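Student: Take this structure first; my questions come after.
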Amino acid sequence: MKTRSAGGTMTLPRTYYTSALIYAQEQERIFGERWLCIGRSDALSKPGAYTLHDLLDESIIVLRDHDGILRAFYNVCRHRGTQICTAATGQLSHTLQCPYHAWTYALDGALVGAPQMAGVPGFDKVDYGLHPVAVAEWEGFLFVNLAADPQPFTDAYAALLDKFPAWRLPELQVVERIVYEVAANWKLIFQNYNECYHCPTLHPVLNQLTPYTGAWNDLEEGPILGGPMVLSAESMTMSGRVCATPFADLSDEERGLVFYYTIFPTLFLSLHPDYVLVHRCEPLAPNATRIICEWLFHPDAVAKPGFDPSDAVEFWNMTNKQDWHICELSQRGVQSRAYTPGPYSDLESVLAAFDREYLRALAV
Ligand code: FES
Ligand code: FE
């Protein structure tokens, strides 16, 4: 097992967890520039299907066109700005029509109909297509990027590509979803996920299944951080047993591990022998974060008689609540005038790496 070192680094100053100005800078420089996971793509399997996503005070339409291409647009009509789609999901024929004056757009965003506009001097439909947003699909996960000139997804997340073939991520289905709102800054949630120094005190049940010192990191710098942890049980469940047939392609070594990764700045992936846990973070305010937690299983396991994911759902819902509670206490503490940065332990080396990545992104 590799040794880890936090290199004598300290936690971030108070202002990073409290300042409205820094929060606004994060919105612009991090969430407005990086690839953001917005969920799974299963709702978009059919041509013409669309989903709406609220992020960064924006409404984004993601759709699959009739050539099978995924596209994303700001939900903003090019006439007078009205939001075009209102239902969270839907099926389009071949066009999107604004409900105000019926300007009509093809699924590639081109304006194809604008009643009574033909005689308007200088007006040309070609100039008024929907504003596009970059979109990428990775292993069944959807990502968008609001930057005008985004870094290609495959460059940004090169370390992620083809990393988890045995879990057959594109095939997995969401079996359970729980949404939490936590009164803590989004970085405290990341930092909490990235260490198990707290596990003996906070998670006695989890610590029995994966003793806290049995972890190492294979990604220690950059936007993707984390690594495996040795299981002393079959899986992370209340009973310690698998609650579904383990993924068939896992090696014997992989069957004895659980893998934890953070994908900056929104996603946590936890790969178990029998299921995959996904957390998505959405900052709501300097001191508030929404977390969408989903449990994914292979359809073959779900189809088996007696399939019951509750052993895994109960375990992680309990563990999540323990973590959110301590993150809220942490937020309360770092807001204090008495708080000053404290030293990271070597078990928190990934937090120091997260802080470096965060500060690099914020400085852009
Ligand atoms: Fe959309 Fe007028 S605002 S057609
Ligand atoms: Fe925890």
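Going through the structure tokens in order, the chains are called A, B, and so on, while each chain numbers its residues from 1 and the ligands are numbered from 1 in the order shown.
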Residues up to 9 Å from ligand 1, counting only C-alpha atoms and all ligand atoms: could you list those as a ChimeraX atom specification?

Tutor: /A:76-84,97-104,114-115

Student: Throw together the list of residues within 8 Å of ligand 2, counting only C-alpha atoms and all ligand atoms, and drop it here as an NGL selection string.

Tutor: :A and (192-193 or 195-196 or 198-199 or 202-203 or 319-320 or 322-323)

Student: What separation in Å, quoted to one decimal, exists between CA of Pro343 in chain A and CA of Gly8 in chain A?

Tutor: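 So the two atoms, CA of Pro343 in chain A and CA of Gly8 in chain A, lie 6.7 Å apart.
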
Student: Within 7 Å of range 157-168 of chain A, which residues of range 201-309 of chain A show up? Give each one with its shortest atom-to-atom distance in Å (one decimal) and the two atoms involved, counting only C-alpha atoms, rows by chain then rising residue number, as JSON lines.

Tutor:
{"residue": "A:Phe247", "atom": "CA", "partner": "A:Trp167", "partner_atom": "CA", "distance": 6.0}
{"residue": "A:Asp249", "atom": "CA", "partner": "A:Ala166", "partner_atom": "CA", "distance": 4.8}
{"residue": "A:Leu250", "atom": "CA", "partner": "A:Ala166", "partner_atom": "CA", "distance": 5.3}

Student: Need the shell around Ile178 in chain A: protein/DNA/RNA residues with any atom at most 10 Å away, counting only C-alpha atoms. Skip same-chain ones fewer than 3 positions apart. Format as a PDB file with C-alpha atoms, in the first residue's frame?

Tutor:
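And here is the file that came out, out25.pdb:
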ATOM      1  CA  HIS A 279     -23.435  11.578  -5.881  1.00  0.00           C
ATOM      2  CA  ILE A 291     -26.809  16.417  -3.421  1.00  0.00           C
ATOM      3  CA  ILE A 292     -28.511  13.929  -5.687  1.00  0.00           C
ATOM      4  CA  CYS A 293     -27.583  10.387  -4.705  1.00  0.00           C
ATOM      5  CA  GLU A 294     -28.381   7.468  -7.001  1.00  0.00           C
ATOM      6  CA  TRP A 295     -27.930   3.699  -6.710  1.00  0.00           C
ATOM      7  CA  VAL A 313     -29.804   2.017  -0.016  1.00  0.00           C
ATOM      8  CA  ASN A 317     -28.579   6.760   3.256  1.00  0.00           C
TER       9      ASN A 317
END

Student: Counting only C-alpha atoms, which residues in range 213-316 of chain A sit no more than 10 Å from range 22-43 of chain A? For each one, give the nearest pair of atoms and the distance in Å, sorted by chain then residue number, as JSON lines.

Tutor:
{"residue": "A:Pro223", "atom": "CA", "partner": "A:Arg34", "partner_atom": "CA", "distance": 9.9}
{"residue": "A:Ile263", "atom": "CA", "partner": "A:Cys37", "partner_atom": "CA", "distance": 9.0}
{"residue": "A:Phe264", "atom": "CA", "partner": "A:Arg34", "partner_atom": "CA", "distance": 8.2}
{"residue": "A:Pro265", "atom": "CA", "partner": "A:Leu36", "partner_atom": "CA", "distance": 7.0}
{"residue": "A:Thr266", "atom": "CA", "partner": "A:Leu36", "partner_atom": "CA", "distance": 6.0}
{"residue": "A:Leu267", "atom": "CA", "partner": "A:Cys37", "partner_atom": "CA", "distance": 6.5}
{"residue": "A:Phe268", "atom": "CA", "partner": "A:Cys37", "partner_atom": "CA", "distance": 9.9}
{"residue": "A:Val278", "atom": "CA", "partner": "A:Gly39", "partner_atom": "CA", "distance": 9.3}
{"residue": "A:His279", "atom": "CA", "partner": "A:Gly39", "partner_atom": "CA", "distance": 9.7}
{"residue": "A:Arg280", "atom": "CA", "partner": "A:Cys37", "partner_atom": "CA", "distance": 7.2}
{"residue": "A:Cys281", "atom": "CA", "partner": "A:Cys37", "partner_atom": "CA", "distance": 9.0}
{"residue": "A:Glu282", "atom": "CA", "partner": "A:Leu36", "partner_atom": "CA", "distance": 9.5}
{"residue": "A:Pro283", "atom": "CA", "partner": "A:Gln27", "partner_atom": "CA", "distance": 8.9}
{"residue": "A:Leu284", "atom": "CA", "partner": "A:Tyr23", "partner_atom": "CA", "distance": 9.7}
{"residue": "A:Ala285", "atom": "CA", "partner": "A:Tyr23", "partner_atom": "CA", "distance": 7.3}
{"residue": "A:Pro286", "atom": "CA", "partner": "A:Tyr23", "partner_atom": "CA", "distance": 5.8}
{"residue": "A:Asn287", "atom": "CA", "partner": "A:Tyr23", "partner_atom": "CA", "distance": 9.6}
{"residue": "A:Ile292", "atom": "CA", "partner": "A:Gly39", "partner_atom": "CA", "distance": 9.1}
{"residue": "A:Glu294", "atom": "CA", "partner": "A:Gly39", "partner_atom": "CA", "distance": 9.4}

Student: CA of Tyr275 in chain A and CA of Tyr260 in chain A, how far apart in Å?

Tutor: 12.6 Å
